[in-house]
Amino acid sequence: MAKYIVRKSDPLRGQVEISGSKNAVLPIMSAALLTEEKCTILDAPALKDVEIMCRLLEDLGSEVSQDLENNIVEIETKEISTHIASHELVKKMRASILVMGPLLARTGKARIALPGGCAIGDRPVELHFKGLRALGADINVDGAGVVRASADSLKGANIYLDFPSVGATENIIMAASMADGTTIIENAAQEPEIVDLATFLNKMGAKIKGAGTDTIKIEGVSVLRGAKHNVIPDRIEAGTFMVAAAITRGAILIKNVLPDHVKPVIAKLKECGVEVEATDEDVIVRGDVNPLISTDIKTLPYPGFPTDMQSQFMAMLTTAEGSSIVIETVFENRYMHVRELNRMGAHIKTEDRCAIIEGKAKLKGSQVVATDLRAGAAVVLAGLVAEGETEISEIYHIERGYEDFADKIRSLGGKIEKVED
Ligand code: EPZ
């Protein structure tokens, strides 16, 4: 298995180009199932998760081409050959559940193995079922954890989400786009990735209003057409490099980022004494001006502080002046990185959803594990400032969600290399 070797580095300096958003491209690729015509997705990041989604769509009958060089994915689904999503692929990527809405809308059937839990939580999907059942689907889960869904037809409905689940909002929007009548989703997720999905669907001929707010109205249509779409930049990759500038006390120009999408991260970095200057598509982050001071973080659904930035921020806060408190309200087990950071000399205590981080830790290189995607990014950032050498295993988690992560860090002066075990 491949590993990263990360060594104490000088403050990162230079500029980095942010790739297209993983969490926008995956639902958009799934939405391409809703039309017989070709969909062209531009700025699609060359990630393992995108490759798995390509394979999954091919299994369902799509013709898919992935141009890694130019970040283009083309999907054409003249007809769906099966409504059964391959268990092998679903096991590899939880986001496979996002084909359920489109399969129901296009074929009236879907059979998908429950994705199951992962490092950060058991990841239930009952809100997906609640929304799709409201639209008329009959959904059962058998003893083997396989979801069997069917619907003679889908009818618009009023749906209230108990929690603004991103995936549930996406599945419901995609199914409702071709239902008879109007659907209203209340307490909908407001993430930018929801807006990007709705923008793509509206280009296909859907009639969606209110994406980005907590109430989304969808008027069903009978046919959707092919469309071309540029995926939004990845706000979490951008946030990760913003924190990289802060933790290494460096200065980075982050190109291709929508500042509005990283407002909570900018606000929190400023609270820590980091200088941040935003134009309409770039952000300059300077960790080399003021001392880094502690702050408190509470993760919330968008537009609150993103849970996907919690572990990277925690790594940074271990080196700040003063203690910090982090409260993780979105996932029930998103502190797997704490043990790894403490192994590197951090002083973090957790109690249920709360973590207390002592500042001014003298981090030292150690052997650590990337327990999940964002936790992996966090230990890489910590390794850049830890004395000596940090060996990070299970880096496939990181490479699923960050395009050319090690290359981009090296281009900023970071000492990181990938070695085969
Ligand atoms: C999306 O996951 C993202 N993944 C996650 O990013 C992100 O952390 C999450 O949204 C929250 O922003 C993709 O977009 C592919 P949720 P999703 O449904 O849709 C609970 C990353 O690092 N819940 O909003 O699975 C759930 O257990 C990944 O890029 C239910 O209880 O997130 C969790 O505690 C990690 N019932 C919370 O809601 C449901 O039916 C948030 O889940 C659905 C969710």
# chains A, B, ... in the order shown; residues from 1 in each chain; ligands from 1

$ select_by_dssp --residues "stretch 257-327 of chain A" --states "helix (DSSP H, G or I)" --output "list in words"
Pro259, Asp260, His261, Val262, Lys263, Pro264, Val265, Ile266, Ala267, Lys268, Leu269, Lys270, Glu271, Thr307, Asp308, Met309, Gln310, Ser311, Gln312, Phe313, Met314, Ala315, Met316 and Leu317 of chain A

$ closest_atom_pairs --of "chain A" --to "ligand 1" --cutoff "6 Å" --atoms "only C-alpha atoms and all ligand atoms" --output "tab-separated table"
residue	atom	partner	partner_atom_place_in_ligand_line	distance
A:Asn23	CA	ligand 1	14 (O)	4.0
A:Ala95	CA	ligand 1	15 (C)	5.0
A:Arg123	CA	ligand 1	27 (O)	3.8
A:Pro124	CA	ligand 1	36 (N)	4.6
A:Val125	CA	ligand 1	40 (O)	3.2
A:Glu126	CA	ligand 1	40 (O)	4.0
A:Leu127	CA	ligand 1	40 (O)	3.4
A:His128	CA	ligand 1	40 (O)	5.1
A:Ser165	CA	ligand 1	24 (O)	3.4
A:Val166	CA	ligand 1	24 (O)	3.8
A:Gly167	CA	ligand 1	19 (O)	3.3
A:Ala168	CA	ligand 1	18 (O)	5.9
A:Thr307	CA	ligand 1	8 (O)	5.8
A:Asp308	CA	ligand 1	22 (O)	5.1
A:Val330	CA	ligand 1	34 (O)	4.9
A:Phe331	CA	ligand 1	34 (O)	3.9
A:Leu373	CA	ligand 1	22 (O)	5.7
A:Arg374	CA	ligand 1	22 (O)	5.6

$ write_last_selection --atoms "N, CA and C atoms" --output "CSV table (one decimal), in the first residue's frame"
chain,number,residue,atom,x,y,z
A,23,ASN,N,-17.8,16.9,-4.4
A,23,ASN,CA,-19.2,16.7,-3.8
A,23,ASN,C,-20.3,17.4,-4.7
A,95,ALA,N,-21.4,7.5,-1.9
A,95,ALA,CA,-22.2,8.4,-2.8
A,95,ALA,C,-23.0,7.7,-3.9
A,123,ARG,N,-23.9,6.7,9.1
A,123,ARG,CA,-24.4,7.2,7.8
A,123,ARG,C,-25.8,6.6,7.4
A,124,PRO,N,-26.8,6.8,8.2
A,124,PRO,CA,-28.1,6.2,7.8
A,124,PRO,C,-28.7,7.0,6.5
A,125,VAL,N,-29.6,6.4,5.9
A,125,VAL,CA,-30.2,7.0,4.7
A,125,VAL,C,-31.7,7.1,4.8
A,126,GLU,N,-32.3,7.1,6.0
A,126,GLU,CA,-33.7,7.0,6.1
A,126,GLU,C,-34.4,8.3,5.6
A,127,LEU,N,-33.6,9.4,5.6
A,127,LEU,CA,-34.2,10.7,5.0
A,127,LEU,C,-34.4,10.6,3.5
A,128,HIS,N,-33.4,9.9,2.9
A,128,HIS,CA,-33.6,9.6,1.4
A,128,HIS,C,-34.9,8.9,1.2
A,165,SER,N,-30.2,17.0,5.2
A,165,SER,CA,-29.2,16.1,4.6
A,165,SER,C,-28.9,16.5,3.2
A,166,VAL,N,-27.6,16.6,2.9
A,166,VAL,CA,-27.2,16.9,1.5
A,166,VAL,C,-27.6,15.8,0.6
A,167,GLY,N,-27.3,14.6,0.9
A,167,GLY,CA,-27.6,13.5,-0.1
A,167,GLY,C,-29.1,13.3,-0.3
A,168,ALA,N,-29.8,13.4,0.8
A,168,ALA,CA,-31.3,13.2,0.7
A,168,ALA,C,-31.9,14.3,-0.1
A,307,THR,N,-18.4,20.8,8.4
A,307,THR,CA,-17.8,19.6,9.0
A,307,THR,C,-16.6,19.1,8.3
A,308,ASP,N,-16.6,19.2,7.0
A,308,ASP,CA,-15.5,18.7,6.2
A,308,ASP,C,-14.2,19.5,6.4
A,330,VAL,N,-22.4,17.6,13.1
A,330,VAL,CA,-23.0,17.0,12.0
A,330,VAL,C,-22.8,15.4,12.0
A,331,PHE,N,-21.6,15.0,12.3
A,331,PHE,CA,-21.4,13.5,12.3
A,331,PHE,C,-21.1,13.1,13.7
A,373,LEU,N,-11.0,10.7,4.6
A,373,LEU,CA,-10.5,11.7,3.7
A,373,LEU,C,-10.0,12.9,4.3
A,374,ARG,N,-10.8,13.6,5.1
A,374,ARG,CA,-10.4,14.9,5.7
A,374,ARG,C,-9.4,14.7,6.9

$ atom_distance --atom1 "atom CA of A:Asp43" --atom2 "atom CA of A:Met29"
12.3 Å

$ closest_atom_pairs --of "stretch 1-31 of chain A" --to "stretch 246-251 of chain A" --cutoff "10 Å" --atoms "only C-alpha atoms" --output "JSON lines"
{"residue": "A:Lys8", "atom": "CA", "partner": "A:Thr248", "partner_atom": "CA", "distance": 9.4}
{"residue": "A:Ser9", "atom": "CA", "partner": "A:Thr248", "partner_atom": "CA", "distance": 7.8}
{"residue": "A:Asp10", "atom": "CA", "partner": "A:Thr248", "partner_atom": "CA", "distance": 7.1}
{"residue": "A:Pro11", "atom": "CA", "partner": "A:Gly250", "partner_atom": "CA", "distance": 4.2}
{"residue": "A:Leu12", "atom": "CA", "partner": "A:Gly250", "partner_atom": "CA", "distance": 4.7}
{"residue": "A:Arg13", "atom": "CA", "partner": "A:Ala251", "partner_atom": "CA", "distance": 5.0}
{"residue": "A:Gly14", "atom": "CA", "partner": "A:Ala251", "partner_atom": "CA", "distance": 6.9}
{"residue": "A:Gln15", "atom": "CA", "partner": "A:Ala251", "partner_atom": "CA", "distance": 8.6}

$ closest_atom_pairs --of "stretch 239-330 of chain A" --to "stretch 334-352 of chain A" --cutoff "10 Å" --atoms "only C-alpha atoms" --output "CSV"
residue,atom,partner,partner_atom,distance
A:Thr307,CA,A:Arg334,CA,8.5
A:Asp308,CA,A:Arg334,CA,9.4
A:Gln310,CA,A:Arg334,CA,8.5
A:Ser311,CA,A:His337,CA,6.7
A:Gln312,CA,A:His337,CA,9.3
A:Met314,CA,A:Val338,CA,8.5
A:Ala315,CA,A:Leu341,CA,7.1
A:Leu317,CA,A:Ala346,CA,9.6
A:Thr318,CA,A:Ala346,CA,6.0
A:Thr319,CA,A:Ala346,CA,8.3
A:Ser323,CA,A:Ile348,CA,9.6
A:Ser324,CA,A:Ile348,CA,9.4
A:Ile325,CA,A:Ile348,CA,9.6
A:Val326,CA,A:Thr350,CA,9.1
A:Ile327,CA,A:Asp352,CA,9.1
A:Glu328,CA,A:Arg334,CA,7.2
A:Thr329,CA,A:Arg334,CA,9.5
A:Val330,CA,A:Arg334,CA,8.7

$ residues_around --residues "A:Thr82" --least-positions-apart "2" --cutoff "12 Å" --atoms "only C-alpha atoms" --output "mmCIF file with all heavy atoms, in the first residue's frame"
data_model
loop_
_atom_site.group_PDB
_atom_site.id
_atom_site.type_symbol
_atom_site.label_atom_id
_atom_site.label_comp_id
_atom_site.auth_asym_id
_atom_site.auth_seq_id
_atom_site.Cartn_x
_atom_site.Cartn_y
_atom_site.Cartn_z
ATOM 1 N N LEU A 33 -28.183 10.434 -15.615
ATOM 2 C CA LEU A 33 -29.003 9.239 -15.900
ATOM 3 C C LEU A 33 -30.418 9.631 -16.314
ATOM 4 O O LEU A 33 -31.154 8.819 -16.867
ATOM 5 C CB LEU A 33 -29.094 8.355 -14.643
ATOM 6 C CG LEU A 33 -27.861 7.538 -14.244
ATOM 7 C CD1 LEU A 33 -28.066 6.932 -12.848
ATOM 8 C CD2 LEU A 33 -27.575 6.441 -15.279
ATOM 9 N N LEU A 56 -19.874 2.821 -12.196
ATOM 10 C CA LEU A 56 -21.241 2.513 -11.739
ATOM 11 C C LEU A 56 -22.242 2.883 -12.839
ATOM 12 O O LEU A 56 -23.145 2.101 -13.176
ATOM 13 C CB LEU A 56 -21.538 3.296 -10.453
ATOM 14 C CG LEU A 56 -22.914 3.146 -9.829
ATOM 15 C CD1 LEU A 56 -23.231 1.684 -9.530
ATOM 16 C CD2 LEU A 56 -23.016 3.967 -8.539
ATOM 17 N N LEU A 57 -22.070 4.053 -13.449
ATOM 18 C CA LEU A 57 -22.992 4.477 -14.516
ATOM 19 C C LEU A 57 -22.875 3.539 -15.720
ATOM 20 O O LEU A 57 -23.873 3.164 -16.343
ATOM 21 C CB LEU A 57 -22.698 5.918 -14.921
ATOM 22 C CG LEU A 57 -22.926 6.982 -13.828
ATOM 23 C CD1 LEU A 57 -22.551 8.362 -14.335
ATOM 24 C CD2 LEU A 57 -24.359 6.961 -13.335
ATOM 25 N N GLU A 58 -21.653 3.117 -16.027
ATOM 26 C CA GLU A 58 -21.473 2.162 -17.146
ATOM 27 C C GLU A 58 -22.217 0.865 -16.854
ATOM 28 O O GLU A 58 -22.915 0.316 -17.713
ATOM 29 C CB GLU A 58 -19.989 1.875 -17.363
ATOM 30 C CG GLU A 58 -19.281 2.951 -18.158
ATOM 31 C CD GLU A 58 -17.778 2.747 -18.237
ATOM 32 O OE1 GLU A 58 -17.222 2.016 -17.377
ATOM 33 O OE2 GLU A 58 -17.150 3.317 -19.141
ATOM 34 N N ASP A 59 -22.132 0.397 -15.612
ATOM 35 C CA ASP A 59 -22.844 -0.839 -15.225
ATOM 36 C C ASP A 59 -24.345 -0.688 -15.444
ATOM 37 O O ASP A 59 -25.047 -1.643 -15.743
ATOM 38 C CB ASP A 59 -22.623 -1.139 -13.731
ATOM 39 C CG ASP A 59 -21.313 -1.874 -13.492
ATOM 40 O OD1 ASP A 59 -20.566 -2.051 -14.470
ATOM 41 O OD2 ASP A 59 -21.054 -2.245 -12.339
ATOM 42 N N LEU A 60 -24.835 0.550 -15.279
ATOM 43 C CA LEU A 60 -26.284 0.783 -15.397
ATOM 44 C C LEU A 60 -26.699 0.984 -16.848
ATOM 45 O O LEU A 60 -27.888 1.095 -17.160
ATOM 46 C CB LEU A 60 -26.693 1.996 -14.546
ATOM 47 C CG LEU A 60 -26.478 1.831 -13.036
ATOM 48 C CD1 LEU A 60 -26.743 3.153 -12.319
ATOM 49 C CD2 LEU A 60 -27.380 0.730 -12.465
ATOM 50 N N GLY A 61 -25.703 1.080 -17.759
ATOM 51 C CA GLY A 61 -26.044 1.202 -19.174
ATOM 52 C C GLY A 61 -25.563 2.475 -19.838
ATOM 53 O O GLY A 61 -25.774 2.686 -21.031
ATOM 54 N N SER A 62 -24.912 3.349 -19.075
ATOM 55 C CA SER A 62 -24.421 4.603 -19.683
ATOM 56 C C SER A 62 -23.161 4.348 -20.497
ATOM 57 O O SER A 62 -22.385 3.444 -20.185
ATOM 58 C CB SER A 62 -24.077 5.629 -18.584
ATOM 59 O OG SER A 62 -25.181 5.857 -17.746
ATOM 60 N N THR A 77 -26.790 8.108 -21.769
ATOM 61 C CA THR A 77 -27.530 6.921 -21.325
ATOM 62 C C THR A 77 -28.755 6.741 -22.211
ATOM 63 O O THR A 77 -29.868 7.134 -21.859
ATOM 64 C CB THR A 77 -27.939 7.075 -19.846
ATOM 65 O OG1 THR A 77 -26.850 7.614 -19.114
ATOM 66 C CG2 THR A 77 -28.368 5.738 -19.239
ATOM 67 N N GLU A 79 -30.275 4.077 -22.974
ATOM 68 C CA GLU A 79 -31.250 3.329 -22.170
ATOM 69 C C GLU A 79 -30.539 2.712 -20.968
ATOM 70 O O GLU A 79 -29.334 2.454 -21.005
ATOM 71 C CB GLU A 79 -31.933 2.235 -23.002
ATOM 72 C CG GLU A 79 -30.988 1.145 -23.478
ATOM 73 C CD GLU A 79 -31.769 -0.043 -24.038
ATOM 74 O OE1 GLU A 79 -32.655 -0.559 -23.326
ATOM 75 O OE2 GLU A 79 -31.463 -0.422 -25.170
ATOM 76 N N ILE A 80 -31.297 2.525 -19.920
ATOM 77 C CA ILE A 80 -30.730 1.931 -18.711
ATOM 78 C C ILE A 80 -30.890 0.414 -18.815
ATOM 79 O O ILE A 80 -31.995 -0.094 -18.994
ATOM 80 C CB ILE A 80 -31.420 2.503 -17.458
ATOM 81 C CG1 ILE A 80 -30.944 3.964 -17.293
ATOM 82 C CG2 ILE A 80 -31.092 1.671 -16.223
ATOM 83 C CD1 ILE A 80 -31.459 4.683 -16.105
ATOM 84 N N ILE A 84 -30.021 -2.372 -11.191
ATOM 85 C CA ILE A 84 -29.308 -2.918 -10.029
ATOM 86 C C ILE A 84 -27.889 -2.347 -9.980
ATOM 87 O O ILE A 84 -27.101 -2.543 -10.907
ATOM 88 C CB ILE A 84 -29.234 -4.462 -10.097
ATOM 89 C CG1 ILE A 84 -30.662 -5.045 -10.150
ATOM 90 C CG2 ILE A 84 -28.459 -5.021 -8.902
ATOM 91 C CD1 ILE A 84 -30.719 -6.537 -10.407
ATOM 92 N N ALA A 85 -27.600 -1.620 -8.920
ATOM 93 C CA ALA A 85 -26.257 -1.030 -8.782
ATOM 94 C C ALA A 85 -25.313 -2.077 -8.193
ATOM 95 O O ALA A 85 -25.679 -2.751 -7.230
ATOM 96 C CB ALA A 85 -26.317 0.188 -7.858
ATOM 97 N N SER A 86 -24.135 -2.188 -8.805
ATOM 98 C CA SER A 86 -23.192 -3.236 -8.389
ATOM 99 C C SER A 86 -22.753 -3.074 -6.930
ATOM 100 O O SER A 86 -22.330 -1.987 -6.517
ATOM 101 C CB SER A 86 -21.962 -3.168 -9.297
ATOM 102 O OG SER A 86 -20.768 -3.197 -8.502
ATOM 103 N N LEU A 103 -32.631 6.567 -10.919
ATOM 104 C CA LEU A 103 -33.103 5.250 -11.398
ATOM 105 C C LEU A 103 -34.617 5.149 -11.243
ATOM 106 O O LEU A 103 -35.329 4.684 -12.139
ATOM 107 C CB LEU A 103 -32.427 4.127 -10.619
ATOM 108 C CG LEU A 103 -31.001 3.754 -11.043
ATOM 109 C CD1 LEU A 103 -30.423 2.690 -10.106
ATOM 110 C CD2 LEU A 103 -30.970 3.269 -12.495
ATOM 111 N N LEU A 104 -35.135 5.614 -10.110
ATOM 112 C CA LEU A 104 -36.589 5.569 -9.893
ATOM 113 C C LEU A 104 -37.309 6.438 -10.917
ATOM 114 O O LEU A 104 -38.322 6.050 -11.501
ATOM 115 C CB LEU A 104 -36.922 6.054 -8.478
ATOM 116 C CG LEU A 104 -36.832 4.999 -7.366
ATOM 117 C CD1 LEU A 104 -37.038 5.653 -6.007
ATOM 118 C CD2 LEU A 104 -37.856 3.879 -7.593
ATOM 119 N N ARG A 106 -36.295 7.351 -13.913
ATOM 120 C CA ARG A 106 -36.103 6.906 -15.302
ATOM 121 C C ARG A 106 -36.732 5.527 -15.539
ATOM 122 O O ARG A 106 -37.294 5.274 -16.606
ATOM 123 C CB ARG A 106 -34.597 6.894 -15.602
ATOM 124 C CG ARG A 106 -34.215 6.578 -17.027
ATOM 125 C CD ARG A 106 -34.150 7.786 -17.947
ATOM 126 N NE ARG A 106 -33.944 7.330 -19.329
ATOM 127 C CZ ARG A 106 -32.754 7.228 -19.909
ATOM 128 N NH1 ARG A 106 -31.661 7.543 -19.203
ATOM 129 N NH2 ARG A 106 -32.631 6.795 -21.151
ATOM 130 N N THR A 107 -36.598 4.597 -14.567
ATOM 131 C CA THR A 107 -37.037 3.210 -14.808
ATOM 132 C C THR A 107 -38.149 2.759 -13.867
ATOM 133 O O THR A 107 -38.750 1.721 -14.065
ATOM 134 C CB THR A 107 -35.859 2.219 -14.600
ATOM 135 O OG1 THR A 107 -35.575 2.161 -13.179
ATOM 136 C CG2 THR A 107 -34.613 2.657 -15.334
ATOM 137 N N GLY A 108 -38.371 3.500 -12.792
ATOM 138 C CA GLY A 108 -39.384 3.079 -11.821
ATOM 139 C C GLY A 108 -38.875 2.023 -10.863
ATOM 140 O O GLY A 108 -39.620 1.497 -10.038
ATOM 141 N N LYS A 109 -37.577 1.690 -10.962
ATOM 142 C CA LYS A 109 -37.014 0.668 -10.062
ATOM 143 C C LYS A 109 -35.577 1.039 -9.691
ATOM 144 O O LYS A 109 -34.887 1.721 -10.468
ATOM 145 C CB LYS A 109 -36.986 -0.706 -10.770
ATOM 146 C CG LYS A 109 -38.341 -1.362 -10.924
ATOM 147 C CD LYS A 109 -38.216 -2.783 -11.443
ATOM 148 C CE LYS A 109 -37.787 -2.782 -12.907
ATOM 149 N NZ LYS A 109 -37.808 -4.135 -13.490
ATOM 150 N N ALA A 110 -35.158 0.523 -8.513
ATOM 151 C CA ALA A 110 -33.741 0.700 -8.121
ATOM 152 C C ALA A 110 -33.418 -0.370 -7.094
ATOM 153 O O ALA A 110 -34.251 -0.676 -6.235
ATOM 154 C CB ALA A 110 -33.519 2.077 -7.520
ATOM 155 N N ARG A 111 -32.227 -0.963 -7.252
ATOM 156 C CA ARG A 111 -31.796 -1.934 -6.246
ATOM 157 C C ARG A 111 -30.337 -1.619 -5.915
ATOM 158 O O ARG A 111 -29.478 -1.674 -6.784
ATOM 159 C CB ARG A 111 -31.918 -3.376 -6.740
ATOM 160 C CG ARG A 111 -31.780 -4.366 -5.575
ATOM 161 C CD ARG A 111 -31.670 -5.798 -5.970
ATOM 162 N NE ARG A 111 -32.710 -6.260 -6.863
ATOM 163 C CZ ARG A 111 -32.729 -7.509 -7.341
ATOM 164 N NH1 ARG A 111 -31.773 -8.368 -7.026
ATOM 165 N NH2 ARG A 111 -33.675 -7.881 -8.154
ATOM 166 N N ILE A 112 -30.140 -1.206 -4.671
ATOM 167 C CA ILE A 112 -28.799 -0.729 -4.269
ATOM 168 C C ILE A 112 -28.476 -1.292 -2.894
ATOM 169 O O ILE A 112 -29.307 -1.216 -1.991
ATOM 170 C CB ILE A 112 -28.786 0.813 -4.158
ATOM 171 C CG1 ILE A 112 -29.248 1.453 -5.474
ATOM 172 C CG2 ILE A 112 -27.402 1.334 -3.777
ATOM 173 C CD1 ILE A 112 -29.453 2.945 -5.382
#

$ residues_around --residues "A:Gly156" --least-positions-apart "6" --cutoff "10 Å" --atoms "only C-alpha atoms" --output "PDB file with C-alpha atoms, in the first residue's frame"
ATOM      1  CA  ALA A 134     -43.410  10.772  -0.251  1.00  0.00           C
ATOM      2  CA  LEU A 135     -43.025  10.937  -4.042  1.00  0.00           C
ATOM      3  CA  GLY A 136     -44.726   7.530  -4.315  1.00  0.00           C
ATOM      4  CA  ALA A 175     -36.455  12.214  -8.547  1.00  0.00           C
ATOM      5  CA  ALA A 176     -38.869  15.158  -8.237  1.00  0.00           C
ATOM      6  CA  SER A 177     -37.469  16.744 -11.428  1.00  0.00           C
ATOM      7  CA  MET A 178     -39.444  14.155 -13.430  1.00  0.00           C
ATOM      8  CA  ALA A 179     -42.410  13.576 -11.093  1.00  0.00           C
ATOM      9  CA  ASP A 180     -45.976  14.575 -11.986  1.00  0.00           C
ATOM     10  CA  GLY A 181     -46.686  17.889 -10.310  1.00  0.00           C
ATOM     11  CA  THR A 182     -44.872  20.089  -7.850  1.00  0.00           C
ATOM     12  CA  THR A 183     -42.582  19.115  -4.979  1.00  0.00           C
ATOM     13  CA  ILE A 184     -41.618  21.382  -2.098  1.00  0.00           C
ATOM     14  CA  LYS A 217     -39.628  24.031  -5.256  1.00  0.00           C
ATOM     15  CA  ILE A 218     -39.462  21.556  -8.130  1.00  0.00           C
ATOM     16  CA  GLU A 219     -42.060  21.431 -10.912  1.00  0.00           C
ATOM     17  CA  GLY A 220     -41.766  17.998 -12.543  1.00  0.00           C
TER      18      GLY A 220
END

$ closest_residue --among "A:Ile254, A:Val16, A:Ala211, A:Val262" --to "A:Leu412" --atoms "only C-alpha atoms"
A:Val16

$ residues_around --residues "A:Ile159" --least-positions-apart "5" --cutoff "10 Å" --atoms "only C-alpha atoms" --output "list in words"
Lys130, Gly131, Leu132, Arg133, Ala134, Leu135, Thr169, Ile172, Thr183, Ile184, Ile185, Glu186, Asn187, Ala188, Thr215 and Ile216 of chain A

$ write_last_selection --atoms "all heavy atoms" --output "short mmCIF file (atom, residue, chain, number, x, y, z; two decimals), in the first residue's frame"
data_model
loop_
_atom_site.label_atom_id
_atom_site.label_comp_id
_atom_site.auth_asym_id
_atom_site.auth_seq_id
_atom_site.Cartn_x
_atom_site.Cartn_y
_atom_site.Cartn_z
N LYS A 130 -37.49 8.61 3.16
CA LYS A 130 -38.68 9.40 3.52
C LYS A 130 -39.10 10.26 2.33
O LYS A 130 -40.28 10.31 1.94
CB LYS A 130 -38.35 10.29 4.72
CG LYS A 130 -39.46 11.28 5.08
CD LYS A 130 -39.11 12.14 6.29
CE LYS A 130 -40.27 13.06 6.63
NZ LYS A 130 -40.00 13.90 7.83
N GLY A 131 -38.14 10.92 1.69
CA GLY A 131 -38.47 11.81 0.57
C GLY A 131 -38.98 11.03 -0.62
O GLY A 131 -40.01 11.38 -1.23
N LEU A 132 -38.31 9.93 -0.96
CA LEU A 132 -38.70 9.17 -2.16
C LEU A 132 -40.03 8.46 -1.93
O LEU A 132 -40.86 8.36 -2.84
CB LEU A 132 -37.59 8.18 -2.52
CG LEU A 132 -36.25 8.85 -2.92
CD1 LEU A 132 -35.15 7.80 -3.11
CD2 LEU A 132 -36.40 9.70 -4.18
N ARG A 133 -40.29 8.01 -0.70
CA ARG A 133 -41.60 7.41 -0.40
C ARG A 133 -42.70 8.46 -0.54
O ARG A 133 -43.77 8.19 -1.09
CB ARG A 133 -41.61 6.83 1.03
CG ARG A 133 -40.88 5.51 1.15
CD ARG A 133 -40.93 4.94 2.55
NE ARG A 133 -40.29 3.64 2.64
CZ ARG A 133 -39.32 3.34 3.54
NH1 ARG A 133 -38.94 4.25 4.43
NH2 ARG A 133 -38.76 2.13 3.56
N ALA A 134 -42.40 9.70 -0.13
CA ALA A 134 -43.41 10.77 -0.25
C ALA A 134 -43.76 11.00 -1.72
O ALA A 134 -44.88 11.36 -2.07
CB ALA A 134 -42.87 12.06 0.37
N LEU A 135 -42.79 10.75 -2.60
CA LEU A 135 -43.03 10.94 -4.04
C LEU A 135 -43.74 9.73 -4.65
O LEU A 135 -44.05 9.72 -5.85
CB LEU A 135 -41.69 11.17 -4.77
CG LEU A 135 -40.95 12.47 -4.39
CD1 LEU A 135 -39.56 12.49 -5.03
CD2 LEU A 135 -41.75 13.69 -4.82
N THR A 169 -31.39 15.58 0.10
CA THR A 169 -31.90 16.70 -0.71
C THR A 169 -31.61 16.45 -2.20
O THR A 169 -32.47 16.64 -3.06
CB THR A 169 -31.24 18.01 -0.25
OG1 THR A 169 -31.52 18.22 1.14
CG2 THR A 169 -31.77 19.21 -1.04
N ILE A 172 -33.83 13.58 -3.67
CA ILE A 172 -35.23 14.02 -3.83
C ILE A 172 -35.35 15.00 -5.01
O ILE A 172 -36.25 14.89 -5.85
CB ILE A 172 -35.74 14.67 -2.53
CG1 ILE A 172 -35.75 13.65 -1.38
CG2 ILE A 172 -37.13 15.27 -2.73
CD1 ILE A 172 -35.88 14.28 -0.01
N THR A 183 -43.15 19.57 -6.26
CA THR A 183 -42.58 19.11 -4.98
C THR A 183 -41.98 20.31 -4.25
O THR A 183 -41.35 21.17 -4.88
CB THR A 183 -41.49 18.06 -5.23
OG1 THR A 183 -42.10 16.91 -5.84
CG2 THR A 183 -40.79 17.65 -3.93
N ILE A 184 -42.25 20.36 -2.95
CA ILE A 184 -41.62 21.38 -2.10
C ILE A 184 -40.78 20.63 -1.05
O ILE A 184 -41.30 19.76 -0.36
CB ILE A 184 -42.67 22.24 -1.34
CG1 ILE A 184 -43.70 22.83 -2.32
CG2 ILE A 184 -41.97 23.30 -0.49
CD1 ILE A 184 -43.38 24.16 -2.91
N ILE A 185 -39.51 20.97 -0.97
CA ILE A 185 -38.66 20.38 0.07
C ILE A 185 -38.42 21.46 1.12
O ILE A 185 -37.92 22.55 0.78
CB ILE A 185 -37.29 19.92 -0.46
CG1 ILE A 185 -37.44 19.01 -1.69
CG2 ILE A 185 -36.51 19.18 0.64
CD1 ILE A 185 -36.12 18.66 -2.38
N GLU A 186 -38.82 21.20 2.34
CA GLU A 186 -38.57 22.15 3.43
C GLU A 186 -37.47 21.63 4.34
O GLU A 186 -37.31 20.42 4.50
CB GLU A 186 -39.87 22.37 4.22
CG GLU A 186 -40.90 23.13 3.40
CD GLU A 186 -42.14 23.49 4.22
OE1 GLU A 186 -42.83 22.55 4.64
OE2 GLU A 186 -42.37 24.69 4.44
N ASN A 187 -36.70 22.58 4.91
CA ASN A 187 -35.51 22.25 5.69
C ASN A 187 -34.52 21.51 4.81
O ASN A 187 -33.84 20.57 5.23
CB ASN A 187 -35.85 21.42 6.94
CG ASN A 187 -34.69 21.47 7.95
OD1 ASN A 187 -33.92 22.44 7.97
ND2 ASN A 187 -34.55 20.43 8.74
N ALA A 188 -34.41 21.97 3.55
CA ALA A 188 -33.50 21.37 2.57
C ALA A 188 -32.06 21.78 2.89
O ALA A 188 -31.83 22.82 3.52
CB ALA A 188 -33.87 21.85 1.17
N THR A 215 -35.82 26.09 1.39
CA THR A 215 -37.08 25.64 0.75
C THR A 215 -36.88 25.58 -0.76
O THR A 215 -36.59 26.61 -1.39
CB THR A 215 -38.22 26.61 1.10
OG1 THR A 215 -38.32 26.72 2.52
CG2 THR A 215 -39.55 26.09 0.54
N ILE A 216 -37.00 24.40 -1.31
CA ILE A 216 -36.75 24.21 -2.74
C ILE A 216 -38.04 23.73 -3.42
O ILE A 216 -38.72 22.83 -2.89
CB ILE A 216 -35.64 23.17 -2.97
CG1 ILE A 216 -34.35 23.62 -2.28
CG2 ILE A 216 -35.37 22.97 -4.47
CD1 ILE A 216 -33.20 22.62 -2.34
#

$ closest_residue --among "A:Asn140, A:Val6, A:Thr240, A:Ala320" --to "A:Glu417" --atoms "only C-alpha atoms"
A:Val6

$ select_by_dssp --residues "stretch 25-254 of chain A" --states "strand (DSSP E or B)" --output "PyMOL selection string"
chain A and resi 38-42+63-67+72-76+84+109-113+118+121+138-141+146-150+155+158-160+180+182-186+207-209+211+213+215-219+228-230+233+251-254
